[in-house]
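*Asks:* Let me begin by handing over the structure; questions about it come next.
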Amino acid sequence: MTAWMVRTEHGPAHPNSGRRPSAGPEDGRRPRGRGFARVPAALAGAAALLTLAYGAGVGVAEEPAPGAPGGHGAHEAHGGDGGQGASAADPSRADDVAGVGGSSWMRAAGVFSSPGSFVPSDALTYDTRLVPAGARIEVTEFTDPSGTRVGTRLRGLVPGREYGMHVHTSPCGADPAAAGPHYQHRPSATADPVNEVWLDFRTDEDGDGRAEAVHDWNFREGGARSVIIHDRQGGAGERAACFTVPFGPADSA
């Protein structure tokens, strides 16, 4: 049986950070004063059983710190950074976006499972050869009036392999087609990394990968709802996995 946990968080960038928030999970450092509390082994075992039975976890999340947006249609892919995986928390999601001064941030994390699994998940794998059940994903978004930065980190995929990844218009479903087409800034226009959000990446020897896309525009309200992992890079490819993400514009607070 595969247990999964998901956490979604929203909040403003640090007020003293300028356009780039302070260091957080993106650079692999754990903020001081944060982390999982120590508990007796018996209580930890009981919590694990409850997690398997109900899909709920207990934990304290690290504060996310995505970078500030800038540039036009920039795209950068990275190998795995060996950082920590998705935080464990109650699977109920708070999809409101909080922010100050027209800026906001969001983080969503999940563990992939197959459609129809005993514990439902917002992270679905349609091809377990490419995205195994139990692989992890984290997606971050930072928005302000000047643009949007979307980042992703993944763990537990096939080592040394290229993947395509794009933001799509609808939530994930049991049918891979449920997520709809790529989100486009200018609908029915060009399908490229400038008009769409492309997050293509290559995994390292551990099967970890990450990517980032920066644009000088914001998402439309309710227009972007998921990310799809494809079996190859570029503008097309078979849909290997999907993760429902509550993307939102900077002024939706």
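Here, A, B, ... name the chains of the structure tokens in the order displayed, residue numbers run from 1 inside each chain, and ligands are numbered from 1 in the same displayed order.
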Give me, as JSON lines, the closest atom pair and its distance (Å, one decimal) for every residue of region 172-249 of chain A within a cut-off of 12 Å of region 111-119 of chain A, counting only C-alpha atoms, rows sorted by chain and rising number.
*Replies:*
```
{"residue": "A:Cys172", "atom": "CA", "partner": "A:Pro115", "partner_atom": "CA", "distance": 10.0}
{"residue": "A:Gly173", "atom": "CA", "partner": "A:Pro115", "partner_atom": "CA", "distance": 7.8}
{"residue": "A:Ala174", "atom": "CA", "partner": "A:Pro115", "partner_atom": "CA", "distance": 5.3}
{"residue": "A:Asp175", "atom": "CA", "partner": "A:Pro115", "partner_atom": "CA", "distance": 8.5}
{"residue": "A:Pro176", "atom": "CA", "partner": "A:Pro115", "partner_atom": "CA", "distance": 9.9}
{"residue": "A:Ile229", "atom": "CA", "partner": "A:Phe112", "partner_atom": "CA", "distance": 11.6}
{"residue": "A:Ala240", "atom": "CA", "partner": "A:Ser114", "partner_atom": "CA", "distance": 10.8}
{"residue": "A:Ala241", "atom": "CA", "partner": "A:Phe112", "partner_atom": "CA", "distance": 8.1}
{"residue": "A:Cys242", "atom": "CA", "partner": "A:Phe112", "partner_atom": "CA", "distance": 8.5}
{"residue": "A:Phe243", "atom": "CA", "partner": "A:Phe112", "partner_atom": "CA", "distance": 8.2}
{"residue": "A:Thr244", "atom": "CA", "partner": "A:Phe112", "partner_atom": "CA", "distance": 11.1}
```
*Asks:* Store the residues picked out above, limited to N, CA and C atoms, as a PDB file, in the first residue's frame.
*Replies:*
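After the write, result_18.pdb holds the following:
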```pdb
ATOM      1  N   CYS A 172      -5.801  17.541 -12.447  1.00  0.00           N
ATOM      2  CA  CYS A 172      -5.528  16.174 -12.877  1.00  0.00           C
ATOM      3  C   CYS A 172      -6.768  15.297 -12.695  1.00  0.00           C
ATOM      4  N   GLY A 173      -6.815  14.215 -13.437  1.00  0.00           N
ATOM      5  CA  GLY A 173      -7.873  13.228 -13.297  1.00  0.00           C
ATOM      6  C   GLY A 173      -7.337  11.854 -13.632  1.00  0.00           C
ATOM      7  N   ALA A 174      -8.178  10.837 -13.491  1.00  0.00           N
ATOM      8  CA  ALA A 174      -7.769   9.469 -13.803  1.00  0.00           C
ATOM      9  C   ALA A 174      -7.374   9.335 -15.266  1.00  0.00           C
ATOM     10  N   ASP A 175      -8.024  10.094 -16.138  1.00  0.00           N
ATOM     11  CA  ASP A 175      -7.668  10.145 -17.548  1.00  0.00           C
ATOM     12  C   ASP A 175      -6.582  11.200 -17.726  1.00  0.00           C
ATOM     13  N   PRO A 176      -5.440  10.864 -18.320  1.00  0.00           N
ATOM     14  CA  PRO A 176      -4.373  11.856 -18.496  1.00  0.00           C
ATOM     15  C   PRO A 176      -4.823  13.113 -19.243  1.00  0.00           C
ATOM     16  N   ILE A 229       3.980  15.950 -16.334  1.00  0.00           N
ATOM     17  CA  ILE A 229       5.295  15.435 -16.683  1.00  0.00           C
ATOM     18  C   ILE A 229       5.139  14.590 -17.939  1.00  0.00           C
ATOM     19  N   ALA A 240       3.050  11.294 -18.638  1.00  0.00           N
ATOM     20  CA  ALA A 240       3.493  10.255 -17.710  1.00  0.00           C
ATOM     21  C   ALA A 240       2.934  10.457 -16.313  1.00  0.00           C
ATOM     22  N   ALA A 241       2.685  11.709 -15.899  1.00  0.00           N
ATOM     23  CA  ALA A 241       2.200  11.985 -14.545  1.00  0.00           C
ATOM     24  C   ALA A 241       1.606  13.378 -14.509  1.00  0.00           C
ATOM     25  N   CYS A 242       0.832  13.656 -13.448  1.00  0.00           N
ATOM     26  CA  CYS A 242       0.163  14.953 -13.301  1.00  0.00           C
ATOM     27  C   CYS A 242       0.076  15.321 -11.827  1.00  0.00           C
ATOM     28  N   PHE A 243       0.190  16.614 -11.530  1.00  0.00           N
ATOM     29  CA  PHE A 243       0.060  17.107 -10.161  1.00  0.00           C
ATOM     30  C   PHE A 243      -0.816  18.351 -10.178  1.00  0.00           C
ATOM     31  N   THR A 244      -1.927  18.327  -9.440  1.00  0.00           N
ATOM     32  CA  THR A 244      -2.826  19.472  -9.348  1.00  0.00           C
ATOM     33  C   THR A 244      -2.202  20.539  -8.457  1.00  0.00           C
TER      34      THR A 244
END
```
*Asks:* Mind checking which residues fall within 8 Å of Met165 (chain A), counting only C-alpha atoms, ignoring those fewer than 3 positions away in the same chain, and posting them as a list in words?
*Replies:*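 Listed by chain and then number, they are Trp198, Leu199, Asp200, Phe201, Val227, Ile228, Ile229, His230 and Gln233 of chain A.
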*Asks:* Keeping only N, CA and C atoms, write those residues as a compact mmCIF listing (two decimals), in the first residue's frame.
*Replies:*
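The resulting file, result-v2.txt, is reproduced below:
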```
# COMPACT_ATOMS: atom_id res chain seq x y z
N TRP A 198 7.29 26.15 -19.57
CA TRP A 198 8.00 24.90 -19.80
C TRP A 198 8.99 24.68 -18.67
N LEU A 199 8.97 23.47 -18.11
CA LEU A 199 9.84 23.12 -16.98
C LEU A 199 10.60 21.83 -17.29
N ASP A 200 11.10 21.71 -18.51
CA ASP A 200 11.85 20.51 -18.89
C ASP A 200 13.08 20.34 -18.00
N PHE A 201 13.43 19.10 -17.69
CA PHE A 201 14.57 18.85 -16.80
C PHE A 201 15.19 17.50 -17.11
N VAL A 227 0.43 20.69 -13.31
CA VAL A 227 1.62 20.46 -14.13
C VAL A 227 1.59 19.02 -14.61
N ILE A 228 2.01 18.82 -15.85
CA ILE A 228 2.09 17.49 -16.45
C ILE A 228 3.55 17.16 -16.72
N ILE A 229 3.98 15.95 -16.33
CA ILE A 229 5.29 15.44 -16.68
C ILE A 229 5.14 14.59 -17.94
N HIS A 230 5.92 14.92 -18.97
CA HIS A 230 5.86 14.21 -20.24
C HIS A 230 7.07 13.29 -20.40
N GLN A 233 11.15 15.84 -23.82
CA GLN A 233 11.20 17.29 -23.74
C GLN A 233 10.64 17.94 -25.00
```
*Asks:* Compare A:Arg210, A:Gly223, A:Gly235, A:Gly110 by their minimum atom-to-atom distance to Asp122 (chain A), counting only C-alpha atoms, and give me the closest one.
*Replies:* A:Gly110
*Asks:* Can you pull out every residue from region 102-213 of chain A that DSSP, working from the backbone, puts in strand (DSSP E or B), and format the result as a tab-separated table (two decimals) with C-alpha atoms, in the first residue's frame?
*Replies:*
```tsv
chain	number	residue	atom	x	y	z
A	103	SER	CA	3.30	39.90	-4.35
A	104	SER	CA	2.51	36.35	-3.23
A	105	TRP	CA	4.04	32.91	-2.98
A	106	MET	CA	2.70	29.37	-3.08
A	107	ARG	CA	4.16	25.92	-2.51
A	108	ALA	CA	2.49	22.57	-3.18
A	109	ALA	CA	4.07	19.16	-2.56
A	110	GLY	CA	2.89	15.62	-3.10
A	111	VAL	CA	3.77	11.95	-3.52
A	113	SER	CA	0.32	7.27	-6.71
A	123	ALA	CA	-0.23	13.64	-7.69
A	124	LEU	CA	-1.05	10.89	-10.20
A	125	THR	CA	1.31	8.70	-12.21
A	136	ARG	CA	7.91	13.17	-4.92
A	137	ILE	CA	7.20	16.56	-6.42
A	138	GLU	CA	7.27	20.12	-5.12
A	139	VAL	CA	6.07	23.15	-7.09
A	140	THR	CA	6.61	26.77	-6.03
A	141	GLU	CA	5.27	30.00	-7.46
A	142	PHE	CA	6.28	33.57	-6.74
A	143	THR	CA	4.31	36.40	-8.32
A	144	ASP	CA	4.40	40.18	-8.22
A	147	GLY	CA	5.91	38.71	-13.45
A	148	THR	CA	5.89	35.10	-12.28
A	149	ARG	CA	8.54	32.56	-11.32
A	150	VAL	CA	7.58	28.86	-11.23
A	151	GLY	CA	9.99	26.26	-9.87
A	152	THR	CA	9.78	22.51	-9.41
A	153	ARG	CA	11.82	19.83	-7.65
A	154	LEU	CA	11.35	16.09	-8.08
A	155	ARG	CA	12.77	12.98	-6.43
A	162	GLU	CA	15.21	13.74	-19.77
A	163	TYR	CA	11.60	14.69	-18.99
A	164	GLY	CA	9.29	17.35	-20.36
A	165	MET	CA	7.04	19.33	-18.02
A	166	HIS	CA	4.46	22.07	-18.59
A	167	VAL	CA	1.76	23.98	-16.73
A	168	HIS	CA	-1.72	22.89	-17.87
A	182	HIS	CA	-0.86	23.80	-21.98
A	184	GLN	CA	-0.88	29.95	-22.68
A	196	GLU	CA	3.78	28.85	-22.07
A	198	TRP	CA	8.00	24.90	-19.80
A	201	PHE	CA	14.57	18.85	-16.80
A	202	ARG	CA	17.07	16.00	-16.68
A	209	GLY	CA	15.68	16.89	-10.91
A	210	ARG	CA	14.55	20.47	-10.84
A	211	ALA	CA	13.64	23.26	-13.24
A	212	GLU	CA	12.54	26.89	-13.21
A	213	ALA	CA	10.70	29.19	-15.61
```
*Asks:* What does the distance from CA of Gly160 (chain A) to CA of Asp206 (chain A) come to in Å, to one decimal?
*Replies:*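 Those two atoms sit 8.0 Å apart.
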*Asks:* Find the residue from A:Ser146, A:Thr169, A:Thr190, A:Ser121 that sits nearest to Val214 (chain A); use only C-alpha atoms when measuring.
*Replies:*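 Among the listed residues, the smallest separation from Val214 (chain A) belongs to A:Ser146.
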